[in-house]
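Data block for start-v4.csv (CSV, C-alpha atoms):
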```
chain,number,residue,atom,x,y,z
A,1,MET,CA,37.0,29.9,9.4
A,2,LYS,CA,38.5,30.9,6.1
A,3,LYS,CA,41.8,29.3,7.1
A,4,GLN,CA,40.0,26.0,7.9
A,5,ARG,CA,38.3,26.0,4.5
A,6,ILE,CA,41.6,26.5,2.8
A,7,GLN,CA,43.1,23.6,4.8
A,8,LEU,CA,40.1,21.4,3.9
A,9,LEU,CA,40.4,22.2,0.2
A,10,ILE,CA,44.1,21.4,0.3
A,11,MET,CA,43.4,18.1,1.9
A,12,LEU,CA,40.7,17.2,-0.7
A,13,VAL,CA,43.1,18.1,-3.5
A,14,LEU,CA,45.8,15.9,-1.9
A,15,LEU,CA,43.3,13.1,-1.5
A,16,VAL,CA,42.4,13.2,-5.1
A,17,VAL,CA,46.0,13.3,-6.2
A,18,PHE,CA,46.9,10.3,-4.0
A,19,ALA,CA,43.9,8.4,-5.1
A,20,SER,CA,44.7,9.0,-8.8
A,21,GLY,CA,48.3,8.0,-8.2
A,22,TYR,CA,47.2,4.8,-6.4
A,23,PHE,CA,44.8,3.6,-9.1
A,24,GLY,CA,47.1,4.7,-11.9
A,25,LEU,CA,50.0,2.6,-10.4
A,26,LYS,CA,47.6,-0.3,-9.9
A,27,ALA,CA,46.6,-0.2,-13.5
A,28,TYR,CA,50.2,0.1,-14.6
A,29,ASN,CA,51.2,-3.0,-12.6
A,30,LYS,CA,48.3,-5.0,-13.9
A,31,ASN,CA,49.2,-4.2,-17.5
A,32,ALA,CA,52.9,-5.0,-16.8
A,33,GLU,CA,51.9,-8.3,-15.3
A,34,ALA,CA,49.7,-9.1,-18.4
A,35,LYS,CA,52.5,-8.3,-20.8
A,36,ALA,CA,55.0,-10.3,-18.7
A,37,SER,CA,52.7,-13.4,-19.0
A,38,GLU,CA,52.4,-13.1,-22.8
A,39,PRO,CA,54.6,-15.4,-24.9
A,40,LYS,CA,57.7,-13.6,-26.1
A,41,TYR,CA,58.1,-15.5,-29.4
A,42,THR,CA,56.0,-17.1,-32.1
A,43,ALA,CA,57.3,-20.3,-33.5
A,44,LEU,CA,54.5,-20.8,-35.9
A,45,ALA,CA,51.3,-18.9,-36.8
A,46,LEU,CA,48.9,-20.0,-39.5
A,47,ASP,CA,46.0,-18.0,-41.0
A,48,GLU,CA,42.7,-18.6,-39.4
A,49,ASP,CA,41.3,-20.0,-42.6
A,50,SER,CA,44.2,-22.3,-43.2
A,51,ALA,CA,43.1,-25.9,-43.8
A,52,ILE,CA,45.4,-28.8,-43.0
A,53,THR,CA,44.8,-31.6,-45.5
A,54,GLU,CA,47.5,-34.1,-44.6
A,55,LEU,CA,49.3,-34.9,-41.3
A,56,LYS,CA,52.3,-37.2,-40.9
A,57,VAL,CA,53.5,-38.1,-37.4
A,58,THR,CA,56.5,-40.1,-36.5
A,59,ASN,CA,56.9,-41.0,-32.8
A,60,VAL,CA,58.0,-44.0,-30.6
A,61,ASN,CA,54.7,-45.8,-31.5
A,62,GLY,CA,55.3,-45.7,-35.2
A,63,GLU,CA,54.5,-43.6,-38.3
A,64,PHE,CA,51.0,-42.3,-39.0
A,65,ASP,CA,50.0,-40.7,-42.3
A,66,LEU,CA,46.6,-39.2,-42.1
A,67,VAL,CA,44.8,-37.7,-45.2
A,68,LYS,CA,41.7,-35.6,-45.3
A,69,GLN,CA,39.1,-36.7,-47.8
A,70,GLU,CA,36.7,-34.5,-49.8
A,71,ASP,CA,33.9,-35.2,-47.3
A,72,ASP,CA,36.2,-33.8,-44.6
A,73,THR,CA,36.7,-37.2,-43.0
A,74,TRP,CA,40.2,-38.5,-42.2
A,75,ILE,CA,41.7,-41.8,-43.2
A,76,LEU,CA,44.9,-43.6,-42.1
A,77,SER,CA,46.9,-44.3,-45.3
A,78,SER,CA,48.3,-47.6,-43.9
A,79,ASP,CA,44.7,-48.8,-43.1
A,80,PRO,CA,41.9,-46.8,-44.8
A,81,THR,CA,39.3,-49.1,-43.3
A,82,LEU,CA,39.8,-47.8,-39.8
A,83,ASP,CA,37.2,-45.4,-38.4
A,84,ILE,CA,39.2,-42.3,-37.4
A,85,ASP,CA,37.9,-40.2,-34.6
A,86,GLU,CA,37.5,-36.7,-36.3
A,87,THR,CA,37.2,-34.9,-33.0
A,88,LYS,CA,40.6,-36.2,-31.8
A,89,ILE,CA,42.3,-35.2,-35.0
A,90,THR,CA,40.7,-31.7,-34.9
A,91,THR,CA,42.0,-31.2,-31.4
A,92,LYS,CA,45.5,-32.1,-32.5
A,93,LEU,CA,45.4,-29.9,-35.6
A,94,ASN,CA,44.3,-26.9,-33.5
A,95,ASN,CA,47.5,-27.2,-31.5
A,96,LEU,CA,49.4,-26.5,-34.8
A,97,LYS,CA,47.6,-23.3,-35.7
A,98,THR,CA,49.6,-21.0,-33.3
A,99,ILE,CA,52.7,-22.2,-31.4
A,100,THR,CA,54.4,-19.8,-29.0
A,101,SER,CA,57.5,-19.9,-27.0
A,102,GLU,CA,59.0,-18.2,-23.9
A,103,GLN,CA,62.6,-18.7,-24.9
A,104,VAL,CA,64.7,-19.3,-28.0
A,105,VAL,CA,68.2,-20.3,-28.9
A,106,ASP,CA,69.2,-18.5,-32.1
A,107,GLY,CA,71.7,-20.2,-34.5
A,108,ALA,CA,71.9,-23.5,-32.6
A,109,GLU,CA,74.9,-25.3,-34.0
A,110,ASN,CA,74.7,-28.7,-32.4
A,111,LEU,CA,71.1,-30.0,-32.5
A,112,ALA,CA,72.1,-33.0,-30.5
A,113,ASP,CA,72.4,-30.8,-27.4
A,114,PHE,CA,68.6,-30.4,-27.6
A,115,GLY,CA,67.7,-33.9,-28.8
A,116,LEU,CA,66.8,-32.5,-32.2
A,117,ASP,CA,69.3,-34.5,-34.3
A,118,ASP,CA,67.1,-37.6,-33.8
A,119,PRO,CA,63.8,-36.1,-32.5
A,120,ALA,CA,61.4,-38.1,-30.4
A,121,ILE,CA,58.5,-36.7,-32.5
A,122,THR,CA,58.3,-35.4,-36.0
A,123,VAL,CA,55.2,-33.7,-37.2
A,124,GLN,CA,54.8,-32.8,-40.9
A,125,PHE,CA,51.6,-31.3,-42.3
A,126,THR,CA,50.4,-29.9,-45.6
A,127,LEU,CA,47.9,-27.1,-46.1
A,128,ALA,CA,45.2,-26.9,-48.9
A,129,ASP,CA,47.4,-24.4,-50.8
A,130,GLY,CA,50.3,-26.9,-50.9
A,131,THR,CA,52.4,-25.2,-48.2
A,132,SER,CA,54.0,-27.6,-45.8
A,133,HIS,CA,55.7,-27.4,-42.4
A,134,ILE,CA,57.7,-29.7,-40.3
A,135,LEU,CA,58.1,-29.7,-36.6
A,136,LYS,CA,60.7,-31.6,-34.6
A,137,ILE,CA,60.2,-32.1,-30.9
A,138,GLY,CA,63.3,-33.0,-28.9
A,139,ASP,CA,64.4,-33.3,-25.3
A,140,TYR,CA,62.6,-32.3,-22.2
A,141,ASN,CA,64.1,-29.4,-20.1
A,142,ASN,CA,63.6,-30.2,-16.4
A,143,VAL,CA,64.5,-26.7,-15.3
A,144,SER,CA,61.9,-24.9,-17.4
A,145,SER,CA,59.5,-27.8,-17.8
A,146,THR,CA,59.4,-27.4,-21.6
A,147,TYR,CA,60.4,-29.3,-24.7
A,148,TYR,CA,62.8,-28.1,-27.4
A,149,LEU,CA,61.2,-27.5,-30.8
A,150,LEU,CA,62.6,-27.0,-34.3
A,151,VAL,CA,60.4,-25.5,-37.0
A,152,ASP,CA,61.0,-26.0,-40.7
A,153,ASP,CA,64.7,-26.9,-40.0
A,154,ILE,CA,65.5,-23.2,-39.3
A,155,SER,CA,68.4,-23.0,-36.9
A,156,THR,CA,66.3,-21.5,-34.1
A,157,VAL,CA,65.4,-23.7,-31.2
A,158,TYR,CA,62.3,-22.9,-29.3
A,159,THR,CA,61.1,-24.0,-25.9
A,160,VAL,CA,57.4,-25.0,-25.8
A,161,ASN,CA,55.0,-26.4,-23.2
A,162,SER,CA,54.1,-30.1,-23.0
A,163,GLY,CA,51.0,-29.6,-25.2
A,164,LEU,CA,52.7,-30.5,-28.5
A,165,ASN,CA,54.5,-33.5,-27.0
A,166,TYR,CA,51.2,-34.8,-25.4
A,167,ASN,CA,49.1,-34.4,-28.6
A,168,PHE,CA,51.6,-36.0,-31.0
A,169,SER,CA,53.0,-38.9,-28.9
A,170,PHE,CA,49.8,-40.9,-29.6
A,171,ALA,CA,49.5,-44.5,-30.6
A,172,GLN,CA,47.1,-45.8,-33.3
A,173,ASP,CA,44.4,-46.8,-30.8
A,174,ALA,CA,44.2,-43.2,-29.6
A,175,ILE,CA,42.9,-41.9,-32.9
A,176,VAL,CA,40.6,-44.7,-33.8
A,177,ALA,CA,36.9,-44.1,-33.0
A,178,GLU,CA,35.5,-46.2,-30.1
A,179,GLU,CA,32.8,-48.7,-30.8
A,180,THR,CA,29.3,-47.2,-30.5
A,181,SER,CA,26.9,-48.2,-27.8
A,182,ASP,CA,24.5,-49.5,-30.4
A,183,ALA,CA,27.0,-52.2,-31.5
A,184,THR,CA,27.5,-53.2,-27.9
A,185,GLU,CA,23.7,-53.4,-27.2
A,186,GLU,CA,23.3,-55.5,-30.4
A,187,THR,CA,25.9,-57.9,-29.2
A,188,THR,CA,24.3,-58.1,-25.8
A,189,VAL,CA,20.9,-58.8,-27.3
A,190,GLU,CA,22.3,-61.6,-29.5
A,191,GLU,CA,24.1,-63.2,-26.5
A,192,THR,CA,20.9,-63.0,-24.4
A,193,THR,CA,18.8,-64.6,-27.2
A,194,SER,CA,21.3,-67.3,-27.6
A,195,GLU,CA,21.3,-68.0,-23.8
A,196,LYS,CA,17.5,-68.2,-23.7
A,197,SER,CA,17.5,-70.6,-26.7
A,198,SER,CA,20.0,-72.8,-24.9
A,199,GLU,CA,17.9,-72.8,-21.7
A,200,THR,CA,14.7,-73.8,-23.6
A,201,THR,CA,16.5,-76.7,-25.3
A,202,ASP,CA,17.8,-77.9,-21.9
A,203,GLU,CA,14.4,-77.8,-20.3
A,204,THR,CA,12.6,-79.8,-23.1
A,205,PRO,CA,11.6,-83.2,-21.6
A,206,ALA,CA,12.8,-86.3,-23.2
A,207,ASP,CA,10.3,-88.7,-24.9
```
Starting from the file, lay out its structure as structure tokens.
Amino acid sequence: MKKQRIQLLIMLVLLVVFASGYFGLKAYNKNAEAKASEPKYTALALDEDSAITELKVTNVNGEFDLVKQEDDTWILSSDPTLDIDETKITTKLNNLKTITSEQVVDGAENLADFGLDDPAITVQFTLADGTSHILKIGDYNNVSSTYYLLVDDISTVYTVNSGLNYNFSFAQDAIVAEETSDATEETTVEETTSEKSSETTDETPAD
């Protein structure tokens, strides 16, 4: 009986050891996977309270100089009368706060190899404290499904996902606010009233 108890105790100890090892290994692998999925490099990181006051974008659709007003609205310098969609601009600016990369090329000598000598997109922005940054987006890498990026003309080329290219390849129509439904309804009412007036005139009998 005593021998059986000793064997049972040994089995319980071994079970605890194996269980601890299993869950410990599982937790280690999970942490390793999490670290592996984290971006390796930071191309640009702004303070959380950094406020962007001017945004200049040059792409295939033209040049766009957007300036923030004192009332926090945005205007397009080339046409201040346009109603700019604030939500769309905010979305684009949020993409500039933190830019990460999975791979870099240090000391790139020939920017033409990455399409950065004549970039498809140039984004220049100024902060409230007067600090400015310039981003240049170059060629698309089919192998890694990323774009090449140059920050502040420093000779380090980053690879970034398509988010930057997507957000800053816009045309003017994409940042202008859409007409409100009220304006559409007003137009419809006017057209309906005009049609009714026309029908009344047609139905009036001749003397």
Nearest to Phe64 in chain A: which of A:Ile89, A:Leu149, A:Leu44, A:Leu9 is it, counting only C-alpha atoms?
-> A:Ile89
Kindly extract all protein, DNA and RNA residues lying within 12 Å of the coordinates (56.6, -26.2, -46.2) given in the file, considering all atoms listed in the file, and supply them as a PyMOL selection string.
-> chain A and resi 44+46+52+123-135+151-154
Keeping C-alpha atoms, export the residues of the selection given above as a compact mmCIF listing (two decimals), in the coordinates of the input.
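Dumped everything to part_1.txt:
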```txt
# COMPACT_ATOMS: atom_id res chain seq x y z
CA LEU A 44 54.50 -20.80 -35.90
CA LEU A 46 48.90 -20.00 -39.50
CA ILE A 52 45.40 -28.80 -43.00
CA VAL A 123 55.20 -33.70 -37.20
CA GLN A 124 54.80 -32.80 -40.90
CA PHE A 125 51.60 -31.30 -42.30
CA THR A 126 50.40 -29.90 -45.60
CA LEU A 127 47.90 -27.10 -46.10
CA ALA A 128 45.20 -26.90 -48.90
CA ASP A 129 47.40 -24.40 -50.80
CA GLY A 130 50.30 -26.90 -50.90
CA THR A 131 52.40 -25.20 -48.20
CA SER A 132 54.00 -27.60 -45.80
CA HIS A 133 55.70 -27.40 -42.40
CA ILE A 134 57.70 -29.70 -40.30
CA LEU A 135 58.10 -29.70 -36.60
CA VAL A 151 60.40 -25.50 -37.00
CA ASP A 152 61.00 -26.00 -40.70
CA ASP A 153 64.70 -26.90 -40.00
CA ILE A 154 65.50 -23.20 -39.30
```
Best match for closeness to Ser145 in chain A among A:Asp47, A:Asn95, A:Glu102, A:Phe170, counting only C-alpha atoms |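 Of A:Asp47, A:Asn95, A:Glu102, A:Phe170, the one nearest Ser145 in chain A is A:Glu102, counting only C-alpha atoms.
CA of Val60 in chain A is positioned 15.4 Å from CA of Ile175 in chain A.
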Coordinates-based distance that separates CA of Gly163 in chain A from CA of Thr53 in chain A (Å, one decimal) = 21.3 Å
A:Thr146, A:Tyr166, A:Asp106, A:Val67: which is nearest Lys92 in chain A, counting all atoms listed in the file?
->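 Counting all atoms listed in the file, the residue closest to Lys92 in chain A is A:Tyr166.
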Enter the distance from CA of Gly138 in chain A to CA of Ala112 in chain A, in Å, rounded to one decimal.
-> 8.9 Å
